[in-house]
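query.pdb follows; it contains PDB, C-alpha atoms.
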ATOM      1  CA  MET U   1      86.679 111.809 112.567
ATOM      2  CA  GLU U   2      88.521 108.475 112.463
ATOM      3  CA  LEU U   3      85.288 106.636 111.612
ATOM      4  CA  VAL U   4      84.583 108.909 108.633
ATOM      5  CA  LEU U   5      88.173 108.533 107.425
ATOM      6  CA  SER U   6      87.998 104.750 107.782
ATOM      7  CA  ILE U   7      84.723 104.559 105.864
ATOM      8  CA  GLY U   8      86.133 106.808 103.140
ATOM      9  CA  ILE U   9      89.247 104.662 102.796
ATOM     10  CA  GLY U  10      87.125 101.515 102.662
ATOM     11  CA  VAL U  11      84.757 102.880 100.032
ATOM     12  CA  MET U  12      87.608 104.127  97.843
ATOM     13  CA  THR U  13      89.497 100.842  98.188
ATOM     14  CA  GLY U  14      86.420  98.781  97.336
ATOM     15  CA  SER U  15      85.551 100.971  94.379
ATOM     16  CA  GLY U  16      89.144 100.919  93.169
ATOM     17  CA  VAL U  17      89.386  97.134  93.301
ATOM     18  CA  TRP U  18      86.007  96.787  91.558
ATOM     19  CA  LEU U  19      87.128  99.142  88.782
ATOM     20  CA  ILE U  20      90.491  97.385  88.367
ATOM     21  CA  LEU U  21      88.652  94.130  87.714
ATOM     22  CA  ARG U  22      86.637  95.707  84.867
ATOM     23  CA  PRO U  23      87.632  94.849  81.274
ATOM     24  CA  ARG U  24      88.081  98.429  80.009
ATOM     25  CA  THR U  25      91.400 100.223  80.322
ATOM     26  CA  TYR U  26      89.908 103.593  81.313
ATOM     27  CA  GLN U  27      88.119 101.948  84.235
ATOM     28  CA  VAL U  28      91.380 100.292  85.280
ATOM     29  CA  ILE U  29      93.137 103.685  85.309
ATOM     30  CA  ILE U  30      90.382 105.258  87.412
ATOM     31  CA  GLY U  31      90.539 102.253  89.768
ATOM     32  CA  LEU U  32      94.288 102.668  90.210
ATOM     33  CA  SER U  33      93.779 106.359  90.946
ATOM     34  CA  LEU U  34      91.160 105.571  93.589
ATOM     35  CA  LEU U  35      93.486 103.046  95.208
ATOM     36  CA  SER U  36      96.310 105.590  95.310
ATOM     37  CA  TYR U  37      93.989 108.149  96.958
ATOM     38  CA  ALA U  38      92.949 105.535  99.509
ATOM     39  CA  VAL U  39      96.593 104.781 100.304
ATOM     40  CA  ASN U  40      97.315 108.501 100.696
ATOM     41  CA  LEU U  41      94.442 108.861 103.155
ATOM     42  CA  PHE U  42      95.691 105.774 104.999
ATOM     43  CA  ILE U  43      99.138 107.356 105.347
ATOM     44  CA  PHE U  44      97.508 110.503 106.746
ATOM     45  CA  GLY U  45      95.548 108.364 109.185
ATOM     46  CA  VAL U  46      98.617 106.462 110.345
ATOM     47  CA  GLY U  47     100.424 109.749 110.964
ATOM     48  CA  GLY U  48      97.715 110.850 113.369
ATOM     49  CA  LEU U  49      94.854 113.192 112.691
ATOM     50  CA  GLU U  50      95.365 116.673 114.118
ATOM     51  CA  VAL U  51      93.139 119.646 113.393
ATOM     52  CA  ASN U  52      94.727 123.120 113.188
ATOM     53  CA  ALA U  53      98.114 121.834 114.343
ATOM     54  CA  PRO U  54     101.075 123.402 112.502
ATOM     55  CA  ALA U  55     103.675 121.187 110.833
ATOM     56  CA  ILE U  56     106.251 123.983 110.534
ATOM     57  CA  LEU U  57     108.114 125.257 113.593
ATOM     58  CA  GLN U  58     106.895 128.559 114.977
ATOM     59  CA  ASP U  59     108.211 130.645 117.853
ATOM     60  CA  GLY U  60     106.469 130.268 121.192
ATOM     61  CA  LEU U  61     104.747 126.907 120.599
ATOM     62  CA  ASP U  62     105.397 123.778 122.630
ATOM     63  CA  ILE U  63     106.800 120.843 120.642
ATOM     64  CA  SER U  64     103.771 118.713 121.570
ATOM     65  CA  ALA U  65     101.446 121.124 119.693
ATOM     66  CA  TYR U  66     102.941 120.262 116.312
ATOM     67  CA  THR U  67     101.777 117.578 113.945
ATOM     68  CA  ASP U  68     104.143 115.117 112.300
ATOM     69  CA  PRO U  69     105.250 116.499 108.897
ATOM     70  CA  VAL U  70     106.544 113.135 107.610
ATOM     71  CA  PRO U  71     103.118 111.793 106.469
ATOM     72  CA  GLN U  72     102.443 115.061 104.659
ATOM     73  CA  ALA U  73     105.782 114.840 102.847
ATOM     74  CA  LEU U  74     105.166 111.197 101.946
ATOM     75  CA  VAL U  75     101.692 111.947 100.578
ATOM     76  CA  LEU U  76     102.964 114.931  98.581
ATOM     77  CA  THR U  77     105.618 112.706  97.003
ATOM     78  CA  ALA U  78     103.027 110.000  96.338
ATOM     79  CA  ILE U  79     100.710 112.508  94.648
ATOM     80  CA  VAL U  80     103.482 113.615  92.268
ATOM     81  CA  ILE U  81     104.431 110.022  91.467
ATOM     82  CA  GLY U  82     100.725 109.179  91.019
ATOM     83  CA  PHE U  83     100.247 111.946  88.466
ATOM     84  CA  ALA U  84     103.270 110.732  86.497
ATOM     85  CA  THR U  85     102.067 107.135  86.604
ATOM     86  CA  THR U  86      98.574 108.120  85.489
ATOM     87  CA  ALA U  87     100.016 110.120  82.588
ATOM     88  CA  LEU U  88     102.101 107.098  81.562
ATOM     89  CA  PHE U  89      99.028 104.835  81.738
ATOM     90  CA  LEU U  90      97.038 107.269  79.605
ATOM     91  CA  VAL U  91      99.760 107.277  76.942
ATOM     92  CA  VAL U  92      99.834 103.467  76.952
ATOM     93  CA  LEU U  93      96.005 103.440  76.777
ATOM     94  CA  LEU U  94      95.982 105.745  73.756
ATOM     95  CA  ALA U  95      98.711 103.715  72.004
ATOM     96  CA  SER U  96      96.872 100.468  72.694
ATOM     97  CA  ARG U  97      93.602 101.944  71.442
ATOM     98  CA  GLY U  98      95.363 103.166  68.293
ATOM     99  CA  LEU U  99      96.946  99.774  67.621
ATOM    100  CA  THR U 100      94.004  97.506  68.423
ATOM    101  CA  GLY U 101      91.008  99.786  67.808
ATOM    102  CA  THR U 102      89.437  98.882  71.155
ATOM    103  CA  ASP U 103      89.931  99.821  74.790
ATOM    104  CA  HIS U 104      89.473  96.278  76.091
ATOM    105  CA  VAL U 105      92.359  95.256  78.371
ATOM    106  CA  ASP U 106      93.444  92.315  76.223
ATOM    107  CA  GLY U 107      92.721  94.064  72.912
ATOM    108  CA  ARG U 108      89.752  91.876  72.018
ATOM    109  CA  GLU U 109      86.053  92.478  72.428
ATOM    110  CA  GLN U 110      83.846  89.895  74.147
ATOM    111  CA  SER U 111      82.169  88.774  70.888
ATOM    112  CA  GLN U 112      85.457  87.873  69.164
TER
END

Let me see the structure of the file written as C-alpha coordinates.
Amino acid sequence: MELVLSIGIGVMTGSGVWLILRPRTYQVIIGLSLLSYAVNLFIFGVGGLEVNAPAILQDGLDISAYTDPVPQALVLTAIVIGFATTALFLVVLLASRGLTGTDHVDGREQSQ
(Lines of atoms letter the chains of each structure in order from A and count residues from 1; the text may use other names and numbers.)
(Lines give C-alpha, C1' and ligand atoms only; values in the text may rest on other atoms or scores of the structure.)
Protein backbone atom coordinates (compact mmCIF):
# COMPACT_ATOMS: atom_id res chain seq x y z
CA MET A 1 0.00 0.00 0.00
CA GLU A 2 2.93 2.35 0.66
CA LEU A 3 4.19 1.89 -2.91
CA VAL A 4 0.82 2.87 -4.40
CA LEU A 5 0.61 5.89 -2.09
CA SER A 6 4.15 6.95 -2.99
CA ILE A 7 3.46 6.65 -6.72
CA GLY A 8 0.22 8.61 -6.33
CA ILE A 9 1.98 11.38 -4.43
CA GLY A 10 4.73 11.50 -7.04
CA VAL A 11 2.33 11.64 -9.98
CA MET A 12 0.23 14.38 -8.36
CA THR A 13 3.32 16.39 -7.43
CA GLY A 14 4.78 16.11 -10.93
CA SER A 15 1.49 17.01 -12.57
CA GLY A 16 0.99 19.91 -10.17
CA VAL A 17 4.43 21.37 -10.84
CA TRP A 18 3.96 20.94 -14.61
CA LEU A 19 0.61 22.74 -14.45
CA ILE A 20 1.98 25.56 -12.28
CA LEU A 21 4.60 26.26 -14.94
CA ARG A 22 1.91 26.68 -17.64
CA PRO A 23 1.06 30.23 -18.79
CA ARG A 24 -2.71 30.07 -18.15
CA THR A 25 -4.17 30.99 -14.78
CA TYR A 26 -6.73 28.16 -14.71
CA GLN A 27 -3.95 25.62 -15.17
CA VAL A 28 -2.00 27.26 -12.34
CA ILE A 29 -5.02 26.93 -10.02
CA ILE A 30 -5.48 23.25 -10.90
CA GLY A 31 -1.73 22.71 -10.35
CA LEU A 32 -1.91 24.29 -6.90
CA SER A 33 -4.87 22.07 -6.06
CA LEU A 34 -2.98 18.96 -7.14
CA LEU A 35 0.00 19.98 -5.02
CA SER A 36 -2.22 20.50 -1.98
CA TYR A 37 -3.76 17.03 -2.48
CA ALA A 38 -0.28 15.54 -2.74
CA VAL A 39 0.75 17.24 0.51
CA ASN A 40 -2.40 15.95 2.22
CA LEU A 41 -1.61 12.40 1.12
CA PHE A 42 1.97 12.87 2.31
CA ILE A 43 0.71 13.91 5.75
CA PHE A 44 -1.47 10.79 5.86
CA GLY A 45 1.54 8.70 4.89
CA VAL A 46 3.76 10.24 7.55
CA GLY A 47 1.10 9.54 10.18
CA GLY A 48 1.20 5.84 9.37
CA LEU A 49 -1.19 3.89 7.23
CA GLU A 50 -3.66 1.80 9.22
CA VAL A 51 -6.63 -0.01 7.73
CA ASN A 52 -9.83 -0.29 9.82
CA ALA A 53 -8.17 1.20 12.90
CA PRO A 54 -10.40 3.61 14.85
CA ALA A 55 -9.17 7.12 15.65
CA ILE A 56 -11.81 7.71 18.35
CA LEU A 57 -11.57 5.97 21.72
CA GLN A 58 -13.90 3.03 22.20
CA ASP A 59 -14.47 0.82 25.23
CA GLY A 60 -12.62 -2.48 25.32
CA LEU A 61 -9.89 -1.72 22.76
CA ASP A 62 -6.18 -1.70 23.53
CA ILE A 63 -4.46 1.66 23.00
CA SER A 64 -2.13 0.10 20.40
CA ALA A 65 -5.13 -0.69 18.13
CA TYR A 66 -5.88 2.98 17.51
CA THR A 67 -4.55 5.11 14.71
CA ASP A 68 -3.09 8.57 15.27
CA PRO A 69 -5.86 11.19 14.86
CA VAL A 70 -3.44 14.13 14.47
CA PRO A 71 -2.75 13.60 10.72
CA GLN A 72 -6.48 13.35 10.07
CA ALA A 73 -7.10 16.62 11.92
CA LEU A 74 -4.26 18.32 10.06
CA VAL A 75 -5.54 17.15 6.67
CA LEU A 76 -9.10 18.21 7.49
CA THR A 77 -7.83 21.69 8.38
CA ALA A 78 -5.71 21.77 5.22
CA ILE A 79 -8.70 20.81 3.07
CA VAL A 80 -10.77 23.70 4.49
CA ILE A 81 -7.92 26.17 4.00
CA GLY A 82 -7.37 24.78 0.48
CA PHE A 83 -10.99 25.38 -0.50
CA ALA A 84 -10.79 28.97 0.76
CA THR A 85 -7.53 29.58 -1.08
CA THR A 86 -8.91 28.12 -4.30
CA ALA A 87 -12.00 30.32 -4.03
CA LEU A 88 -9.77 33.37 -3.54
CA PHE A 89 -7.66 32.40 -6.58
CA LEU A 90 -10.79 31.97 -8.69
CA VAL A 91 -12.00 35.46 -7.72
CA VAL A 92 -8.59 36.92 -8.60
CA LEU A 93 -8.64 34.96 -11.89
CA LEU A 94 -12.06 36.33 -12.82
CA ALA A 95 -11.04 39.90 -11.91
CA SER A 96 -7.83 39.59 -13.91
CA ARG A 97 -9.71 38.17 -16.89
CA GLY A 98 -12.22 41.03 -16.67
CA LEU A 99 -9.49 43.68 -16.51
CA THR A 100 -7.10 42.31 -19.13
CA GLY A 101 -9.41 40.26 -21.37
CA THR A 102 -7.10 37.25 -21.26
CA ASP A 103 -6.30 34.45 -18.83
CA HIS A 104 -2.55 34.57 -19.45
CA VAL A 105 -0.62 34.84 -16.17
CA ASP A 106 1.04 38.14 -17.05
CA GLY A 107 -2.01 39.56 -18.85
CA ARG A 108 -0.45 39.41 -22.30
CA GLU A 109 -0.80 36.84 -25.04
CA GLN A 110 2.28 35.32 -26.68
CA SER A 111 1.82 37.25 -29.96
CA GLN A 112 1.84 40.68 -28.28

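Near Ile7 of chain U, within 12 Å and counting only C-alpha atoms, sit Met1, Thr13, Gly14, Ala38, Leu41, Phe42 and Gly45 of chain U; same-chain residues fewer than 6 positions away were not included.
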
Please dump the current selection as an mmCIF file, in the frame of the given file; keep C-alpha atoms.
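Output below, filename selection_27.cif:
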data_model
loop_
_atom_site.group_PDB
_atom_site.id
_atom_site.type_symbol
_atom_site.label_atom_id
_atom_site.label_comp_id
_atom_site.auth_asym_id
_atom_site.auth_seq_id
_atom_site.Cartn_x
_atom_site.Cartn_y
_atom_site.Cartn_z
ATOM 1 C CA MET U 1 86.679 111.809 112.567
ATOM 2 C CA THR U 13 89.497 100.842 98.188
ATOM 3 C CA GLY U 14 86.420 98.781 97.336
ATOM 4 C CA ALA U 38 92.949 105.535 99.509
ATOM 5 C CA LEU U 41 94.442 108.861 103.155
ATOM 6 C CA PHE U 42 95.691 105.774 104.999
ATOM 7 C CA GLY U 45 95.548 108.364 109.185
#

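Proximity of U:Leu93, U:Val46, U:Val105, U:Leu76 to Leu21 of chain U, computed with all atoms listed in the file, is greatest for U:Val105.
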
Shortest interatomic distance to Phe83 of chain U - which of U:Gln58, U:Thr100, U:Ser36, U:Thr25, counting all atoms listed in the file:
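Of all the options, U:Ser36 lies closest to Phe83 of chain U.
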
Choose the residue, out of U:Leu74, U:Val28, U:Ala87, U:Leu34, that has the smallest atom-to-atom separation from Val11 of chain U; count only C-alpha atoms.
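Using only C-alpha atoms, the shortest distance to Val11 of chain U belongs to U:Leu34.
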
Atom CA of Ile56 of chain U to atom CA of Ile43 of chain U, distance in Å rounded to a single decimal:
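Atom CA of Ile43 of chain U lies 18.8 Å from atom CA of Ile56 of chain U.
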
Measure the distance from atom CA of Leu35 of chain U to atom CA of Gly16 of chain U in Å and round it to one decimal.
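A separation of 5.2 Å between them.
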
Two-atom distance - atom CA of Asn40 of chain U, atom CA of Gly82 of chain U (Å):
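Separation of atom CA of Asn40 of chain U and atom CA of Gly82 of chain U: 10.3 Å.
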
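Distances to Leu3 of chain U were evaluated for U:Leu49, U:Leu32, U:Ala65, U:Ala84 using all atoms listed in the file, and the minimum falls at U:Leu49.
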
Find, counting all atoms listed in the file, the residue in U:Ala55, U:Ile29, U:Tyr37, U:Val75 that gets nearest to Val92 of chain U.
U:Ile29

Shell around Ala53 of chain U at 6 Å using only C-alpha atoms, local window under 3 positions removed, as an NGL selection string
:U and (50 or 66-67)

For Leu90 of chain U, which residue among U:Ser33, U:Gln72, U:Asn52, U:Thr77 is the nearest when counting all atoms listed in the file?
U:Ser33
